[in-house]
>>> print(open('work.cif').read())   # mmCIF, N, CA and C atoms
data_start
loop_
_atom_site.group_PDB
_atom_site.id
_atom_site.type_symbol
_atom_site.label_atom_id
_atom_site.label_comp_id
_atom_site.auth_asym_id
_atom_site.auth_seq_id
_atom_site.Cartn_x
_atom_site.Cartn_y
_atom_site.Cartn_z
ATOM 1 N N MET U 609 31.217 28.191 15.190
ATOM 2 C CA MET U 609 30.141 27.726 16.040
ATOM 3 C C MET U 609 29.291 26.729 15.250
ATOM 4 N N PRO U 610 28.994 25.569 15.845
ATOM 5 C CA PRO U 610 28.180 24.576 15.141
ATOM 6 C C PRO U 610 26.759 25.079 14.938
ATOM 7 N N SER U 611 26.141 24.652 13.864
ATOM 8 C CA SER U 611 24.764 25.025 13.577
ATOM 9 C C SER U 611 23.825 24.346 14.569
ATOM 10 N N PRO U 612 22.846 25.084 15.117
ATOM 11 C CA PRO U 612 21.897 24.453 16.049
ATOM 12 C C PRO U 612 20.960 23.476 15.350
ATOM 13 N N LEU U 613 20.932 23.499 14.013
ATOM 14 C CA LEU U 613 20.040 22.608 13.273
ATOM 15 C C LEU U 613 20.639 21.234 13.020
ATOM 16 N N LEU U 614 21.974 21.124 13.051
ATOM 17 C CA LEU U 614 22.623 19.838 12.801
ATOM 18 C C LEU U 614 22.767 19.067 14.099
ATOM 19 N N PRO U 615 22.604 17.755 14.080
ATOM 20 C CA PRO U 615 22.817 16.964 15.290
ATOM 21 C C PRO U 615 24.280 17.044 15.712
ATOM 22 N N THR U 616 24.504 17.117 17.015
ATOM 23 C CA THR U 616 25.870 17.233 17.504
ATOM 24 C C THR U 616 26.549 15.877 17.594
ATOM 25 N N ALA U 617 25.810 14.812 17.688
ATOM 26 C CA ALA U 617 26.398 13.469 17.749
ATOM 27 C C ALA U 617 25.566 12.533 16.884
ATOM 28 N N ALA U 618 26.239 11.714 16.131
ATOM 29 C CA ALA U 618 25.537 10.758 15.275
ATOM 30 C C ALA U 618 25.186 9.518 16.070
ATOM 31 N N ALA U 619 24.021 8.978 15.808
ATOM 32 C CA ALA U 619 23.617 7.730 16.432
ATOM 33 C C ALA U 619 24.418 6.594 15.809
ATOM 34 N N PRO U 620 24.750 5.582 16.599
ATOM 35 C CA PRO U 620 25.476 4.458 15.998
ATOM 36 C C PRO U 620 24.604 3.736 14.981
ATOM 37 N N ALA U 621 25.220 3.334 13.908
ATOM 38 C CA ALA U 621 24.512 2.586 12.868
ATOM 39 C C ALA U 621 24.763 1.102 13.084
ATOM 40 N N ALA U 622 23.744 0.285 12.857
ATOM 41 C CA ALA U 622 23.900 -1.163 12.945
ATOM 42 C C ALA U 622 24.495 -1.644 11.628
ATOM 43 N N THR U 623 25.570 -2.422 11.702
ATOM 44 C CA THR U 623 26.206 -2.921 10.483
ATOM 45 C C THR U 623 26.142 -4.438 10.424
ATOM 46 N N ASN U 624 26.214 -4.964 9.209
ATOM 47 C CA ASN U 624 26.226 -6.403 8.978
ATOM 48 C C ASN U 624 27.342 -6.677 7.981
ATOM 49 N N SER U 625 28.440 -7.257 8.457
ATOM 50 C CA SER U 625 29.601 -7.487 7.596
ATOM 51 C C SER U 625 29.364 -8.622 6.592
ATOM 52 N N TRP U 626 28.400 -9.491 6.827
ATOM 53 C CA TRP U 626 28.133 -10.583 5.899
ATOM 54 C C TRP U 626 27.525 -10.067 4.600
ATOM 55 N N THR U 627 26.682 -9.050 4.697
ATOM 56 C CA THR U 627 25.979 -8.556 3.515
ATOM 57 C C THR U 627 26.411 -7.162 3.096
ATOM 58 N N HIS U 628 27.418 -6.571 3.752
ATOM 59 C CA HIS U 628 27.890 -5.229 3.439
ATOM 60 C C HIS U 628 26.715 -4.254 3.492
ATOM 61 N N ALA U 629 26.088 -4.173 4.681
ATOM 62 C CA ALA U 629 24.893 -3.355 4.843
ATOM 63 C C ALA U 629 24.901 -2.674 6.204
ATOM 64 N N ALA U 630 24.171 -1.557 6.294
ATOM 65 C CA ALA U 630 24.024 -0.830 7.551
ATOM 66 C C ALA U 630 22.619 -0.255 7.624
ATOM 67 N N GLN U 631 22.157 -0.040 8.857
ATOM 68 C CA GLN U 631 20.858 0.581 9.102
ATOM 69 C C GLN U 631 21.040 1.656 10.154
ATOM 70 N N ALA U 632 20.304 2.752 10.018
ATOM 71 C CA ALA U 632 20.327 3.809 11.026
ATOM 72 C C ALA U 632 18.916 4.345 11.217
ATOM 73 N N ARG U 633 18.590 4.673 12.448
ATOM 74 C CA ARG U 633 17.322 5.315 12.796
ATOM 75 C C ARG U 633 17.699 6.629 13.459
ATOM 76 N N ILE U 634 17.237 7.729 12.880
ATOM 77 C CA ILE U 634 17.607 9.062 13.346
ATOM 78 C C ILE U 634 16.371 9.752 13.894
ATOM 79 N N HIS U 635 16.454 10.240 15.125
ATOM 80 C CA HIS U 635 15.390 11.050 15.722
ATOM 81 C C HIS U 635 15.865 12.493 15.623
ATOM 82 N N HIS U 636 15.181 13.289 14.820
ATOM 83 C CA HIS U 636 15.620 14.647 14.522
ATOM 84 C C HIS U 636 14.478 15.614 14.787
ATOM 85 N N GLY U 637 14.778 16.665 15.515
ATOM 86 C CA GLY U 637 13.737 17.634 15.829
ATOM 87 C C GLY U 637 12.782 17.072 16.861
ATOM 88 N N LYS U 638 11.595 17.645 16.920
ATOM 89 C CA LYS U 638 10.623 17.243 17.936
ATOM 90 C C LYS U 638 9.859 15.980 17.568
ATOM 91 N N ALA U 639 9.595 15.781 16.287
ATOM 92 C CA ALA U 639 8.733 14.660 15.922
ATOM 93 C C ALA U 639 9.156 13.954 14.642
ATOM 94 N N GLU U 640 10.378 14.167 14.215
ATOM 95 C CA GLU U 640 10.799 13.568 12.951
ATOM 96 C C GLU U 640 11.691 12.357 13.198
ATOM 97 N N GLU U 641 11.389 11.290 12.506
ATOM 98 C CA GLU U 641 12.197 10.072 12.581
ATOM 99 C C GLU U 641 12.540 9.643 11.158
ATOM 100 N N ILE U 642 13.837 9.416 10.917
ATOM 101 C CA ILE U 642 14.313 9.034 9.591
ATOM 102 C C ILE U 642 14.959 7.670 9.684
ATOM 103 N N HIS U 643 14.625 6.781 8.757
ATOM 104 C CA HIS U 643 15.222 5.453 8.681
ATOM 105 C C HIS U 643 16.061 5.381 7.409
ATOM 106 N N LEU U 644 17.288 4.883 7.535
ATOM 107 C CA LEU U 644 18.153 4.694 6.366
ATOM 108 C C LEU U 644 18.630 3.255 6.328
ATOM 109 N N ASP U 645 18.564 2.635 5.166
ATOM 110 C CA ASP U 645 19.097 1.292 4.924
ATOM 111 C C ASP U 645 20.094 1.401 3.782
ATOM 112 N N ALA U 646 21.350 1.062 4.043
ATOM 113 C CA ALA U 646 22.388 1.090 3.006
ATOM 114 C C ALA U 646 22.832 -0.343 2.744
ATOM 115 N N CYS U 647 22.291 -0.951 1.715
ATOM 116 C CA CYS U 647 22.613 -2.338 1.357
ATOM 117 C C CYS U 647 23.458 -2.348 0.088
ATOM 118 N N GLY U 648 24.785 -2.305 0.256
ATOM 119 C CA GLY U 648 25.691 -2.352 -0.882
ATOM 120 C C GLY U 648 25.987 -1.010 -1.513
ATOM 121 N N GLU U 649 25.200 0.026 -1.207
ATOM 122 C CA GLU U 649 25.470 1.349 -1.748
ATOM 123 C C GLU U 649 25.036 2.420 -0.751
ATOM 124 N N THR U 650 25.594 3.607 -0.888
ATOM 125 C CA THR U 650 25.321 4.724 0.017
ATOM 126 C C THR U 650 23.894 5.226 -0.188
ATOM 127 N N ARG U 651 23.242 5.604 0.910
ATOM 128 C CA ARG U 651 21.868 6.118 0.854
ATOM 129 C C ARG U 651 21.810 7.502 1.498
ATOM 130 N N ASP U 652 20.954 8.359 0.946
ATOM 131 C CA ASP U 652 20.720 9.696 1.469
ATOM 132 C C ASP U 652 19.251 9.856 1.806
ATOM 133 N N ALA U 653 18.973 10.725 2.802
ATOM 134 C CA ALA U 653 17.605 11.108 3.132
ATOM 135 C C ALA U 653 17.647 12.530 3.661
ATOM 136 N N ALA U 654 16.652 13.322 3.295
ATOM 137 C CA ALA U 654 16.578 14.708 3.751
ATOM 138 C C ALA U 654 15.489 14.854 4.802
ATOM 139 N N SER U 655 15.764 15.690 5.799
ATOM 140 C CA SER U 655 14.767 15.967 6.824
ATOM 141 C C SER U 655 13.807 17.034 6.315
ATOM 142 N N ALA U 656 12.776 17.307 7.089
ATOM 143 C CA ALA U 656 11.773 18.295 6.686
ATOM 144 C C ALA U 656 12.366 19.696 6.576
ATOM 145 N N ILE U 657 13.442 19.985 7.315
ATOM 146 C CA ILE U 657 14.049 21.315 7.247
ATOM 147 C C ILE U 657 15.280 21.341 6.354
ATOM 148 N N GLY U 658 15.505 20.273 5.594
ATOM 149 C CA GLY U 658 16.544 20.276 4.578
ATOM 150 C C GLY U 658 17.896 19.712 4.962
ATOM 151 N N ILE U 659 18.067 19.158 6.156
ATOM 152 C CA ILE U 659 19.325 18.519 6.522
ATOM 153 C C ILE U 659 19.410 17.185 5.779
ATOM 154 N N VAL U 660 20.532 16.921 5.143
ATOM 155 C CA VAL U 660 20.708 15.681 4.381
ATOM 156 C C VAL U 660 21.567 14.715 5.196
ATOM 157 N N PHE U 661 21.036 13.543 5.479
ATOM 158 C CA PHE U 661 21.742 12.497 6.201
ATOM 159 C C PHE U 661 22.223 11.469 5.182
ATOM 160 N N THR U 662 23.470 11.020 5.335
ATOM 161 C CA THR U 662 24.054 10.023 4.437
ATOM 162 C C THR U 662 24.558 8.848 5.254
ATOM 163 N N LEU U 663 24.238 7.632 4.824
ATOM 164 C CA LEU U 663 24.690 6.409 5.475
ATOM 165 C C LEU U 663 25.400 5.534 4.454
ATOM 166 N N THR U 664 26.609 5.081 4.802
ATOM 167 C CA THR U 664 27.349 4.158 3.939
ATOM 168 C C THR U 664 27.130 2.737 4.422
ATOM 169 N N PRO U 665 27.360 1.721 3.574
ATOM 170 C CA PRO U 665 27.218 0.334 4.002
ATOM 171 C C PRO U 665 28.191 -0.032 5.130
ATOM 172 N N GLU U 666 29.274 0.734 5.287
ATOM 173 C CA GLU U 666 30.233 0.485 6.367
ATOM 174 C C GLU U 666 29.750 1.043 7.701
ATOM 175 N N GLY U 667 28.639 1.803 7.701
ATOM 176 C CA GLY U 667 28.077 2.326 8.935
ATOM 177 C C GLY U 667 28.424 3.768 9.229
ATOM 178 N N ARG U 668 29.036 4.494 8.289
ATOM 179 C CA ARG U 668 29.380 5.892 8.515
ATOM 180 C C ARG U 668 28.144 6.749 8.250
ATOM 181 N N LEU U 669 27.731 7.501 9.267
ATOM 182 C CA LEU U 669 26.559 8.357 9.188
ATOM 183 C C LEU U 669 27.005 9.807 9.281
ATOM 184 N N THR U 670 26.609 10.623 8.311
ATOM 185 C CA THR U 670 26.962 12.037 8.309
ATOM 186 C C THR U 670 25.716 12.876 8.066
ATOM 187 N N ALA U 671 25.803 14.157 8.471
ATOM 188 C CA ALA U 671 24.714 15.113 8.255
ATOM 189 C C ALA U 671 25.310 16.391 7.692
ATOM 190 N N ARG U 672 24.594 16.999 6.743
ATOM 191 C CA ARG U 672 25.072 18.254 6.164
ATOM 192 C C ARG U 672 23.889 19.107 5.734
ATOM 193 N N GLN U 673 24.142 20.418 5.706
ATOM 194 C CA GLN U 673 23.143 21.340 5.189
ATOM 195 C C GLN U 673 23.455 21.600 3.721
ATOM 196 N N PRO U 674 22.446 21.537 2.866
ATOM 197 C CA PRO U 674 22.692 21.769 1.432
ATOM 198 C C PRO U 674 23.070 23.216 1.146
#
>>> encode(input="work.cif", output="structure tokens")
Amino acid sequence: MPSPLLPTAAAPAATNSWTHAAQARIHHGKAEEIHLDACGETRDAASAIGIVFTLTPEGRLTARQP
């Protein structure tokens, strides 16, 4: 059974093939918004309840519980 804390579907990430970069805006929970910019390297951000979101420059967005 999937965890109720993890998002069931990832939002599409905006990618730019000229600069090998991606951006994602994640709305998580009732009032949390996370912005990720991956310019040439992978970026991570944690939510207030500990979910870690990872964005690659290719636009792959994942979420995991630590």
>>> atom_distance(input="work.cif", atom1="atom N of Arg668 in chain U", atom2="atom N of Ala656 in chain U")
20.7 Å
>>> select_by_dssp(input="work.cif", residues="range 631-661 of chain U", states="strand (DSSP E)", output="ChimeraX atom specification")
/U:631-636,640-647,651-654,660-661
>>> residues_around(input="work.cif", residues="Leu663 in chain U", least_positions_apart="5", cutoff="6.5 Å", atoms="all atoms listed in the file", output="list in words")
Ala646, Glu649, Thr650, Arg651, Asp652, Ala653, Arg668, Leu669 and Thr670 of chain U
>>> residues_near_point(input="work.cif", point="(27.5, -3.6, 3.5)", cutoff="9 Å", atoms="only C-alpha atoms", output="PDB file with N, CA and C atoms, in the coordinates of the input")
ATOM      1  N   THR U 623      25.570  -2.422  11.702  1.00  0.00           N
ATOM      2  CA  THR U 623      26.206  -2.921  10.483  1.00  0.00           C
ATOM      3  C   THR U 623      26.142  -4.438  10.424  1.00  0.00           C
ATOM      4  N   ASN U 624      26.214  -4.964   9.209  1.00  0.00           N
ATOM      5  CA  ASN U 624      26.226  -6.403   8.978  1.00  0.00           C
ATOM      6  C   ASN U 624      27.342  -6.677   7.981  1.00  0.00           C
ATOM      7  N   SER U 625      28.440  -7.257   8.457  1.00  0.00           N
ATOM      8  CA  SER U 625      29.601  -7.487   7.596  1.00  0.00           C
ATOM      9  C   SER U 625      29.364  -8.622   6.592  1.00  0.00           C
ATOM     10  N   TRP U 626      28.400  -9.491   6.827  1.00  0.00           N
ATOM     11  CA  TRP U 626      28.133 -10.583   5.899  1.00  0.00           C
ATOM     12  C   TRP U 626      27.525 -10.067   4.600  1.00  0.00           C
ATOM     13  N   THR U 627      26.682  -9.050   4.697  1.00  0.00           N
ATOM     14  CA  THR U 627      25.979  -8.556   3.515  1.00  0.00           C
ATOM     15  C   THR U 627      26.411  -7.162   3.096  1.00  0.00           C
ATOM     16  N   HIS U 628      27.418  -6.571   3.752  1.00  0.00           N
ATOM     17  CA  HIS U 628      27.890  -5.229   3.439  1.00  0.00           C
ATOM     18  C   HIS U 628      26.715  -4.254   3.492  1.00  0.00           C
ATOM     19  N   ALA U 629      26.088  -4.173   4.681  1.00  0.00           N
ATOM     20  CA  ALA U 629      24.893  -3.355   4.843  1.00  0.00           C
ATOM     21  C   ALA U 629      24.901  -2.674   6.204  1.00  0.00           C
ATOM     22  N   ALA U 630      24.171  -1.557   6.294  1.00  0.00           N
ATOM     23  CA  ALA U 630      24.024  -0.830   7.551  1.00  0.00           C
ATOM     24  C   ALA U 630      22.619  -0.255   7.624  1.00  0.00           C
ATOM     25  N   ALA U 646      21.350   1.062   4.043  1.00  0.00           N
ATOM     26  CA  ALA U 646      22.388   1.090   3.006  1.00  0.00           C
ATOM     27  C   ALA U 646      22.832  -0.343   2.744  1.00  0.00           C
ATOM     28  N   CYS U 647      22.291  -0.951   1.715  1.00  0.00           N
ATOM     29  CA  CYS U 647      22.613  -2.338   1.357  1.00  0.00           C
ATOM     30  C   CYS U 647      23.458  -2.348   0.088  1.00  0.00           C
ATOM     31  N   GLY U 648      24.785  -2.305   0.256  1.00  0.00           N
ATOM     32  CA  GLY U 648      25.691  -2.352  -0.882  1.00  0.00           C
ATOM     33  C   GLY U 648      25.987  -1.010  -1.513  1.00  0.00           C
ATOM     34  N   GLU U 649      25.200   0.026  -1.207  1.00  0.00           N
ATOM     35  CA  GLU U 649      25.470   1.349  -1.748  1.00  0.00           C
ATOM     36  C   GLU U 649      25.036   2.420  -0.751  1.00  0.00           C
ATOM     37  N   THR U 664      26.609   5.081   4.802  1.00  0.00           N
ATOM     38  CA  THR U 664      27.349   4.158   3.939  1.00  0.00           C
ATOM     39  C   THR U 664      27.130   2.737   4.422  1.00  0.00           C
ATOM     40  N   PRO U 665      27.360   1.721   3.574  1.00  0.00           N
ATOM     41  CA  PRO U 665      27.218   0.334   4.002  1.00  0.00           C
ATOM     42  C   PRO U 665      28.191  -0.032   5.130  1.00  0.00           C
ATOM     43  N   GLU U 666      29.274   0.734   5.287  1.00  0.00           N
ATOM     44  CA  GLU U 666      30.233   0.485   6.367  1.00  0.00           C
ATOM     45  C   GLU U 666      29.750   1.043   7.701  1.00  0.00           C
ATOM     46  N   GLY U 667      28.639   1.803   7.701  1.00  0.00           N
ATOM     47  CA  GLY U 667      28.077   2.326   8.935  1.00  0.00           C
ATOM     48  C   GLY U 667      28.424   3.768   9.229  1.00  0.00           C
TER      49      GLY U 667
END
>>> atom_distance(input="work.cif", atom1="atom C of Glu640 in chain U", atom2="atom C of Pro674 in chain U")
19.8 Å
>>> atom_distance(input="work.cif", atom1="CA of Gln673 in chain U", atom2="atom N of Gln631 in chain U")
21.7 Å
